[in-house]
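One structure below.
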Amino acid sequence: MSVETVAIIDYGSGNLHSAAKAFERAAREAGLDATRIVLTDEAETVARADRVVLPGVGAYADCRRGLDAVPGMVEAMTHAAHARGRPFLGICVGMQLLATRGLEYDTTPGLGWIPGDVGPIQPSDPGLKVPHMGWNTLQVDREHALLADIPTGEGGLHAYFVHSYALSPERSEDRVAHSDYGGAVTAMVARDNVAGTQFHPEKSQHLGLALLANFLRWRP
Amino acid sequence: MLKTRIIPCLDVKDGRVVKGVQFLELRDAGDPVEAAKAYDAAGADELCFLDITASHEDRGTLLDVVSRTAEACFMPLTVGGGIRTVADIRTLLLAGADKVSINTAAVNDPDFVARGAEKFGSQCIVVAIDAKRTSAPDAPPQWQIFTHGGRKPTGIDAIAFARTVTARGAGELLVTSMDRDGMRSGYDIGLTRAIADAVSVPVIASGGVGGLDDLVAGVRDGGASAVLAASIFHFGQHTVSEAKAHMAAAGLSMRLDP
């Protein structure tokens with residue numbers, strides 16, 4: 001089996017090392033010895049990668065600016081995901097950037113890969129705190145390879161969330177899973193070879209490592 | 001459904017756990033990374049390191065501890081102690097902290113909270129509020145912010161301060177009763193409740209846990225979204241899973257993943 005390169009895009013957003021370490025451990029535990037995880041700020045590496053991960057923490061506009069500041073990166077991501085059809089995973093704000101636009105502070109254009117807006121979470125119960133911070137279960141809207149063999153639903157495993165804004169996909173079929181927080185909050189989206197999680201798999205212990213292993217095996 | 005979080009807190013000095021962690025069979029009870037791994041395996045929902053290293057020059061040791069923890073534990077990590085500048089925040093986040101807890105610097109300059117939140121997002125800015133009750137026992141309760149480990153009064157009302165820093169972008173408040181800290185008589189429920197009711201962000205109850213019922217009260221009566229405790233876990237009085245089972249039996253929603 002040839003070596004697969006997984007490119008984690010480094011555009012100055014938060015802590016990427018824990019994402020890289022989590023991918024390394026997921027690969028090791030899944031016996032995927034031929035997987036090479038690279039943290040990179042080089043567009044060329046991303047354009048040629050077998051799999052691409054876009055992490056992101058912080059404010060939407062700040063992340064978008066950071067991504068645009070890396071020469072050729074958006075084009076390289078688009079090439080990998082759309083021209084070459086490589087599996088692509090956005091995490092947290094990296095997932096939100098897949099939307100048409102973000103409404104945090106100002107309106108900021110996203111990549112438009114998953115049509116929809118990223119707007120403030122407004123729980124129906126005013127007693128619920130924002131940010132939505134902590135461990136929540138996943139309610140599956142449609143089956144997806146990244147959730148294979150992961151116990152979901154109220155009695156299932158938990159994922160770690162920390163966010164005040166959420167993506168509302170225009171096409172209901174793009175939402176793969178939601179969490180209940182005074183209403184449905186989008187937890188995971190996917191379309192063709194592109195997927196995104198609002199929660200942090202790299203901070204979600206068992207569920208997270210299982211999802212990352214599924215991503216490394218995913219053949220959309 | 002979102003679950004109530006249990007957060008063990010480790011005091012770290014010069015890269016070592018103060019007083020050690022005396023539960024389980026750690027090879028090195030003073031190594032924060034070993035302790036973090038043990039709490040990760042024990043089902044803690046988050047972990048908190050409070051750095052009490054006296055000298056700012058010795059931060060390298062803490063950063064090494066944070067980065068080795070982040071490499072080994074796939075759970076959220078908050079780091080507090082001695083954070084003064086945006087550069088301090090950035091360094092800790094890059095080392096692997098998910099959140100930073102700001103205390104004195106937020107008291108001295110609430111706009112520091114805004115600068116951190118604008119740069120890194122509210123989700124990673126925790127403000128630690130250390131408060132003491134300053135009103136007479138029979139008077140309407142009032143709490144004041146204290147710094148320097150509870151020794152230095154600031155004259156700032158704790159509830160007003162909670163509102164101020166939340167408006168500046170704090171994503172979470174870590175509320176410690178300096179009257180109760182180390183007393184093992186339970187959280188100051190009045191303080192916790194007053195702050196939880198005053199702000200829209202999650203509140204972590206801290207200071208004074210003596211037993212598992214105190215954790216329940218912090219959430220049920222105090223309105224906290226998370227409970228922080230140190231000695232009841234470090235010295236083997238209770239395990240995290242005992243605490244979770246107890247809280248679940250009291251009707252709270254807990255994460256009981258294997």
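Please note that chains go A, B, ... in the order of the structure tokens, that every chain numbers its residues from 1, and that ligands are numbered from 1 in the order shown.
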
Kindly assemble as CSV a list of the chain B residues that lie within 6 Å of chain A, each paired with its nearest atom pair and their distance in Å to one decimal, using only C-alpha atoms, sorted first by chain and then by ascending residue number.
```
residue,atom,partner,partner_atom,distance
B:Met1,CA,A:Asn136,CA,5.4
B:Leu2,CA,A:Asn136,CA,4.5
B:Lys3,CA,A:Trp135,CA,5.7
B:Ala70,CA,A:Ser18,CA,5.7
B:Glu71,CA,A:Lys21,CA,5.8
B:Phe74,CA,A:Lys203,CA,4.5
B:Met75,CA,A:Lys203,CA,4.3
B:Pro76,CA,A:Lys203,CA,5.8
B:Leu93,CA,A:Asn15,CA,5.8
B:Leu94,CA,A:Asn15,CA,4.8
B:Gly96,CA,A:Asn15,CA,5.6
B:Phe120,CA,A:Gly58,CA,4.7
B:Gly121,CA,A:Gly58,CA,4.1
B:Ser200,CA,A:Lys129,CA,5.3
B:Val201,CA,A:Lys129,CA,5.1
B:Pro202,CA,A:Lys129,CA,5.6
B:Asp257,CA,A:Leu157,CA,5.8
```

Could you turn the residues from that selection into a file that holds N, CA and C atoms, as a short mmCIF file (atom, residue, chain, number, x, y, z; two decimals), in the first residue's frame?
```
data_model
loop_
_atom_site.label_atom_id
_atom_site.label_comp_id
_atom_site.auth_asym_id
_atom_site.auth_seq_id
_atom_site.Cartn_x
_atom_site.Cartn_y
_atom_site.Cartn_z
N MET B 1 -28.03 16.08 24.73
CA MET B 1 -28.11 17.02 25.84
C MET B 1 -26.72 17.34 26.38
N LEU B 2 -26.51 18.61 26.68
CA LEU B 2 -25.20 19.04 27.20
C LEU B 2 -25.04 18.54 28.64
N LYS B 3 -23.86 18.04 28.95
CA LYS B 3 -23.63 17.45 30.27
C LYS B 3 -22.87 18.41 31.19
N ALA B 70 -0.84 18.02 25.94
CA ALA B 70 -1.69 18.08 24.75
C ALA B 70 -1.36 16.96 23.76
N GLU B 71 -0.12 16.48 23.81
CA GLU B 71 0.25 15.38 22.91
C GLU B 71 -0.32 14.06 23.38
N PHE B 74 -6.40 13.73 24.77
CA PHE B 74 -7.28 14.34 23.79
C PHE B 74 -8.54 14.83 24.48
N MET B 75 -8.33 15.76 25.40
CA MET B 75 -9.41 16.37 26.16
C MET B 75 -9.06 17.84 26.34
N PRO B 76 -10.07 18.68 26.64
CA PRO B 76 -9.79 20.12 26.75
C PRO B 76 -8.95 20.47 27.98
N LEU B 93 -1.70 28.90 23.95
CA LEU B 93 -2.58 28.22 22.99
C LEU B 93 -1.76 27.42 21.98
N LEU B 94 -0.65 28.01 21.54
CA LEU B 94 0.20 27.30 20.58
C LEU B 94 0.84 26.08 21.22
N GLY B 96 -0.63 24.19 23.25
CA GLY B 96 -1.61 23.12 23.33
C GLY B 96 -2.74 23.36 24.31
N PHE B 120 -8.44 35.76 19.79
CA PHE B 120 -8.47 34.29 19.83
C PHE B 120 -9.88 33.72 19.97
N GLY B 121 -10.88 34.58 20.13
CA GLY B 121 -12.26 34.11 20.29
C GLY B 121 -12.62 33.97 21.76
N SER B 200 -24.59 35.46 30.93
CA SER B 200 -25.13 34.48 29.99
C SER B 200 -24.13 33.40 29.64
N VAL B 201 -22.90 33.50 30.15
CA VAL B 201 -21.87 32.50 29.81
C VAL B 201 -21.79 31.44 30.92
N PRO B 202 -21.20 30.29 30.62
CA PRO B 202 -21.11 29.24 31.64
C PRO B 202 -20.24 29.67 32.82
N ASP B 257 -19.44 8.15 29.41
CA ASP B 257 -18.82 7.34 28.35
C ASP B 257 -17.82 6.38 28.96
#
```

DSSP on the backbone: what in range 134-216 of chain A comes out strand (DSSP E), as a VMD selection string? chain A and resid 134 to 137 139 to 140 158 to 163 165 to 169 175 to 180 184 to 191 194 to 197

Selection file, N, CA and C atoms, as an mmCIF file, in the first residue's frame:
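Writing done, so here's result-v1.cif:
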```cif
data_model
loop_
_atom_site.group_PDB
_atom_site.id
_atom_site.type_symbol
_atom_site.label_atom_id
_atom_site.label_comp_id
_atom_site.auth_asym_id
_atom_site.auth_seq_id
_atom_site.Cartn_x
_atom_site.Cartn_y
_atom_site.Cartn_z
ATOM 1 N N GLY A 134 -18.927 22.268 26.119
ATOM 2 C CA GLY A 134 -18.862 21.014 26.854
ATOM 3 C C GLY A 134 -19.242 19.826 25.989
ATOM 4 N N TRP A 135 -19.661 18.758 26.685
ATOM 5 C CA TRP A 135 -19.878 17.465 26.032
ATOM 6 C C TRP A 135 -21.355 17.258 25.724
ATOM 7 N N ASN A 136 -21.639 16.979 24.462
ATOM 8 C CA ASN A 136 -23.011 16.723 24.050
ATOM 9 C C ASN A 136 -23.034 15.471 23.177
ATOM 10 N N THR A 137 -24.196 14.858 23.101
ATOM 11 C CA THR A 137 -24.349 13.676 22.249
ATOM 12 C C THR A 137 -24.739 14.115 20.840
ATOM 13 N N GLN A 139 -27.114 13.552 17.470
ATOM 14 C CA GLN A 139 -28.338 12.969 16.920
ATOM 15 C C GLN A 139 -28.138 12.902 15.401
ATOM 16 N N VAL A 140 -28.167 11.685 14.879
ATOM 17 C CA VAL A 140 -27.838 11.497 13.464
ATOM 18 C C VAL A 140 -29.039 11.841 12.584
ATOM 19 N N HIS A 158 -20.052 10.995 23.591
ATOM 20 C CA HIS A 158 -20.139 12.456 23.578
ATOM 21 C C HIS A 158 -19.038 13.092 22.754
ATOM 22 N N ALA A 159 -19.355 14.267 22.228
ATOM 23 C CA ALA A 159 -18.386 15.067 21.481
ATOM 24 C C ALA A 159 -18.210 16.394 22.212
ATOM 25 N N TYR A 160 -16.997 16.978 22.102
ATOM 26 C CA TYR A 160 -16.718 18.223 22.818
ATOM 27 C C TYR A 160 -16.944 19.436 21.914
ATOM 28 N N PHE A 161 -17.845 20.309 22.366
ATOM 29 C CA PHE A 161 -18.202 21.513 21.625
ATOM 30 C C PHE A 161 -17.741 22.745 22.382
ATOM 31 N N VAL A 162 -17.357 23.776 21.633
ATOM 32 C CA VAL A 162 -17.208 25.082 22.249
ATOM 33 C C VAL A 162 -17.379 26.123 21.149
ATOM 34 N N HIS A 163 -18.579 26.696 21.096
ATOM 35 C CA HIS A 163 -18.890 27.649 20.018
ATOM 36 C C HIS A 163 -20.127 28.470 20.377
ATOM 37 N N TYR A 165 -21.551 30.267 17.590
ATOM 38 C CA TYR A 165 -22.198 30.370 16.289
ATOM 39 C C TYR A 165 -22.305 28.990 15.680
ATOM 40 N N ALA A 166 -23.285 28.804 14.795
ATOM 41 C CA ALA A 166 -23.479 27.492 14.192
ATOM 42 C C ALA A 166 -23.910 27.639 12.737
ATOM 43 N N LEU A 167 -23.581 26.622 11.952
ATOM 44 C CA LEU A 167 -23.912 26.611 10.528
ATOM 45 C C LEU A 167 -25.339 26.083 10.334
ATOM 46 N N SER A 168 -26.141 26.807 9.564
ATOM 47 C CA SER A 168 -27.460 26.291 9.175
ATOM 48 C C SER A 168 -27.431 26.024 7.675
ATOM 49 N N PRO A 169 -27.281 24.754 7.275
ATOM 50 C CA PRO A 169 -27.186 24.444 5.849
ATOM 51 C C PRO A 169 -28.512 24.723 5.138
ATOM 52 N N ARG A 175 -26.874 18.349 6.324
ATOM 53 C CA ARG A 175 -26.679 18.153 7.763
ATOM 54 C C ARG A 175 -26.682 16.663 8.078
ATOM 55 N N VAL A 176 -25.577 16.188 8.616
ATOM 56 C CA VAL A 176 -25.430 14.762 8.922
ATOM 57 C C VAL A 176 -25.839 14.473 10.365
ATOM 58 N N ALA A 177 -25.534 15.403 11.267
ATOM 59 C CA ALA A 177 -25.873 15.197 12.678
ATOM 60 C C ALA A 177 -26.077 16.547 13.351
ATOM 61 N N HIS A 178 -26.885 16.534 14.394
ATOM 62 C CA HIS A 178 -27.072 17.751 15.187
ATOM 63 C C HIS A 178 -26.983 17.376 16.664
ATOM 64 N N SER A 179 -26.861 18.408 17.494
ATOM 65 C CA SER A 179 -26.949 18.202 18.932
ATOM 66 C C SER A 179 -28.126 19.021 19.431
ATOM 67 N N ASP A 180 -28.671 18.580 20.531
ATOM 68 C CA ASP A 180 -29.820 19.285 21.085
ATOM 69 C C ASP A 180 -29.334 20.279 22.133
ATOM 70 N N ALA A 184 -32.143 22.317 17.685
ATOM 71 C CA ALA A 184 -31.097 21.567 16.991
ATOM 72 C C ALA A 184 -29.951 22.489 16.609
ATOM 73 N N VAL A 185 -28.734 22.097 16.994
ATOM 74 C CA VAL A 185 -27.526 22.829 16.616
ATOM 75 C C VAL A 185 -26.722 21.910 15.692
ATOM 76 N N THR A 186 -26.379 22.407 14.504
ATOM 77 C CA THR A 186 -25.655 21.568 13.539
ATOM 78 C C THR A 186 -24.327 21.102 14.127
ATOM 79 N N ALA A 187 -24.136 19.772 14.137
ATOM 80 C CA ALA A 187 -22.917 19.199 14.707
ATOM 81 C C ALA A 187 -21.983 18.696 13.623
ATOM 82 N N MET A 188 -22.581 18.264 12.492
ATOM 83 C CA MET A 188 -21.742 17.722 11.421
ATOM 84 C C MET A 188 -22.442 17.912 10.091
ATOM 85 N N VAL A 189 -21.678 18.308 9.088
ATOM 86 C CA VAL A 189 -22.207 18.476 7.735
ATOM 87 C C VAL A 189 -21.368 17.634 6.780
ATOM 88 N N ALA A 190 -21.939 17.308 5.630
ATOM 89 C CA ALA A 190 -21.158 16.612 4.604
ATOM 90 C C ALA A 190 -21.869 16.733 3.264
ATOM 91 N N ARG A 191 -21.070 16.779 2.232
ATOM 92 C CA ARG A 191 -21.575 16.741 0.872
ATOM 93 C C ARG A 191 -20.476 16.120 0.015
ATOM 94 N N VAL A 194 -16.652 16.180 0.963
ATOM 95 C CA VAL A 194 -16.352 17.242 1.921
ATOM 96 C C VAL A 194 -17.196 17.029 3.186
ATOM 97 N N ALA A 195 -16.544 17.066 4.352
ATOM 98 C CA ALA A 195 -17.277 16.917 5.615
ATOM 99 C C ALA A 195 -16.759 17.953 6.606
ATOM 100 N N GLY A 196 -17.546 18.230 7.633
ATOM 101 C CA GLY A 196 -17.115 19.160 8.655
ATOM 102 C C GLY A 196 -17.784 18.853 9.977
ATOM 103 N N THR A 197 -17.024 19.047 11.065
ATOM 104 C CA THR A 197 -17.601 18.849 12.395
ATOM 105 C C THR A 197 -17.523 20.155 13.177
#
```

What's the 9 Å shell around range 79-89 of chain A, counting only C-alpha atoms, without same-chain residues fewer than 3 positions away, as a PyMOL selection string? chain A and resi 46-55+74-76+94-95+190+192-197+215-216+218-220

Quick one: residues within 10 Å of range 140-142 of chain B, only C-alpha atoms counted, chain neighbours fewer than 2 positions away excluded, as a PyMOL selection string? chain B and resi 131-138+144+157-159+190-191+194

Between B:Gly222, B:Leu77, B:Glu172, B:Val165, which one has atoms that come closest to Tyr187 in chain B, using only C-alpha atoms? B:Gly222

Which residue is closest to Ala106 in chain B? Choose from B:Ile52, B:Ala162, B:Ile189, B:Val79 and count only C-alpha atoms. B:Ala162

Restricting the calculation to only C-alpha atoms, which member of A:Pro120, A:Gly66, A:Gly72, A:Gly90 is positioned closest to Glu104 in chain A? A:Pro120

Every residue of range 89-210 of chain B that DSSP places in alpha helix (DSSP H), as a PyMOL selection string: chain B and resi 89-95+104-108+111-120+158-167+189-198

Neighbouring residues of Phe161 in chain B were defined as those with any atom within 12 Å, considering only C-alpha atoms; residues of the same chain fewer than 2 positions away were excluded. Please report them as a PyMOL selection string. chain B and resi 103+106-110+113+127-131+143-146+154-159+163-168+170+173+175+194-195+198-199

Selection from above, C-alpha atoms, as a PDB file, in the first residue's frame, can you write it?
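File written: result_30.pdb
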```pdb
ATOM      1  CA  ASN B 103      -7.144  36.597  36.812  1.00  0.00           C
ATOM      2  CA  ALA B 106      -8.389  41.157  34.009  1.00  0.00           C
ATOM      3  CA  VAL B 107      -8.876  42.924  37.344  1.00  0.00           C
ATOM      4  CA  ASN B 108      -6.191  45.484  36.520  1.00  0.00           C
ATOM      5  CA  ASP B 109      -7.461  46.042  32.988  1.00  0.00           C
ATOM      6  CA  PRO B 110     -10.809  44.553  31.862  1.00  0.00           C
ATOM      7  CA  VAL B 113     -10.186  40.426  28.163  1.00  0.00           C
ATOM      8  CA  VAL B 127     -11.852  34.876  33.575  1.00  0.00           C
ATOM      9  CA  ALA B 128     -11.041  33.617  37.063  1.00  0.00           C
ATOM     10  CA  ILE B 129     -12.950  35.542  39.715  1.00  0.00           C
ATOM     11  CA  ASP B 130     -11.590  35.198  43.250  1.00  0.00           C
ATOM     12  CA  ALA B 131     -14.135  36.667  45.640  1.00  0.00           C
ATOM     13  CA  TRP B 143     -18.794  39.863  47.462  1.00  0.00           C
ATOM     14  CA  GLN B 144     -15.608  41.651  46.577  1.00  0.00           C
ATOM     15  CA  ILE B 145     -12.792  40.679  44.196  1.00  0.00           C
ATOM     16  CA  PHE B 146      -9.524  39.820  45.927  1.00  0.00           C
ATOM     17  CA  THR B 154      -9.676  45.532  45.294  1.00  0.00           C
ATOM     18  CA  GLY B 155     -12.933  47.233  46.264  1.00  0.00           C
ATOM     19  CA  ILE B 156     -14.522  45.796  43.108  1.00  0.00           C
ATOM     20  CA  ASP B 157     -17.936  44.150  43.440  1.00  0.00           C
ATOM     21  CA  ALA B 158     -17.761  40.560  42.184  1.00  0.00           C
ATOM     22  CA  ILE B 159     -21.155  40.545  40.447  1.00  0.00           C
ATOM     23  CA  ARG B 163     -20.896  41.453  34.076  1.00  0.00           C
ATOM     24  CA  THR B 164     -18.019  43.690  32.989  1.00  0.00           C
ATOM     25  CA  VAL B 165     -15.715  40.911  31.814  1.00  0.00           C
ATOM     26  CA  THR B 166     -18.561  39.023  30.133  1.00  0.00           C
ATOM     27  CA  ALA B 167     -19.448  42.147  28.170  1.00  0.00           C
ATOM     28  CA  ARG B 168     -15.765  42.368  27.164  1.00  0.00           C
ATOM     29  CA  ALA B 170     -15.083  36.342  28.454  1.00  0.00           C
ATOM     30  CA  LEU B 173     -16.138  32.425  34.388  1.00  0.00           C
ATOM     31  CA  VAL B 175     -15.726  31.552  40.276  1.00  0.00           C
ATOM     32  CA  ALA B 194     -25.530  35.305  41.978  1.00  0.00           C
ATOM     33  CA  ILE B 195     -22.908  35.262  39.224  1.00  0.00           C
ATOM     34  CA  ALA B 198     -26.023  37.703  36.265  1.00  0.00           C
ATOM     35  CA  VAL B 199     -24.253  36.450  33.117  1.00  0.00           C
TER      36      VAL B 199
END
```

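With only C-alpha atoms as the basis for measurement, B:Gly43 is the residue among B:Gly251, B:Gly171, B:Gly43, B:Pro153 that approaches Pro8 in chain B most closely.
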
Find the residues near Val38 in chain A: any atom within 8 Å, counting only C-alpha atoms, skip ones fewer than 6 places away on the same chain, and give them as a compact mmCIF listing (two decimals) with N, CA and C atoms, in the first residue's frame.
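Produced file part_12.txt, reproduced below:
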```
# COMPACT_ATOMS: atom_id res chain seq x y z
N THR A 5 -0.76 10.87 2.27
CA THR A 5 -0.41 12.09 2.99
C THR A 5 -1.68 12.83 3.40
N VAL A 6 -1.76 13.13 4.70
CA VAL A 6 -2.88 13.91 5.23
C VAL A 6 -2.33 15.29 5.57
N ALA A 7 -2.81 16.31 4.86
CA ALA A 7 -2.30 17.67 5.09
C ALA A 7 -3.23 18.41 6.03
N ILE A 8 -2.69 18.84 7.17
CA ILE A 8 -3.44 19.69 8.09
C ILE A 8 -2.99 21.12 7.83
N ALA A 20 -2.83 17.33 15.03
CA ALA A 20 -1.87 16.43 14.38
C ALA A 20 -1.62 15.19 15.22
```

CA of Arg171 in chain A to CA of Pro115 in chain A, straight-line distance in Å: 7.3 Å

Which residues, written as an MDAnalysis selection string, have at least one atom at most 10 Å from Asp188 in chain B, with only C-alpha atoms counted and residues fewer than 4 positions away on the same chain left out? chainID B and resid 131:133 175:181 192:193 205:209 214 217:218 222

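Checking A:Ile121, A:Met77, A:Val93, A:Ala145 one by one against Arg64 in chain A, counting only C-alpha atoms, you find the shortest gap at A:Val93.
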
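Proximity to Ala224 in chain B was assessed for B:Ala117, B:Ala249, B:Ala196, B:Leu92 counting only C-alpha atoms; the smallest distance is recorded for B:Ala196.
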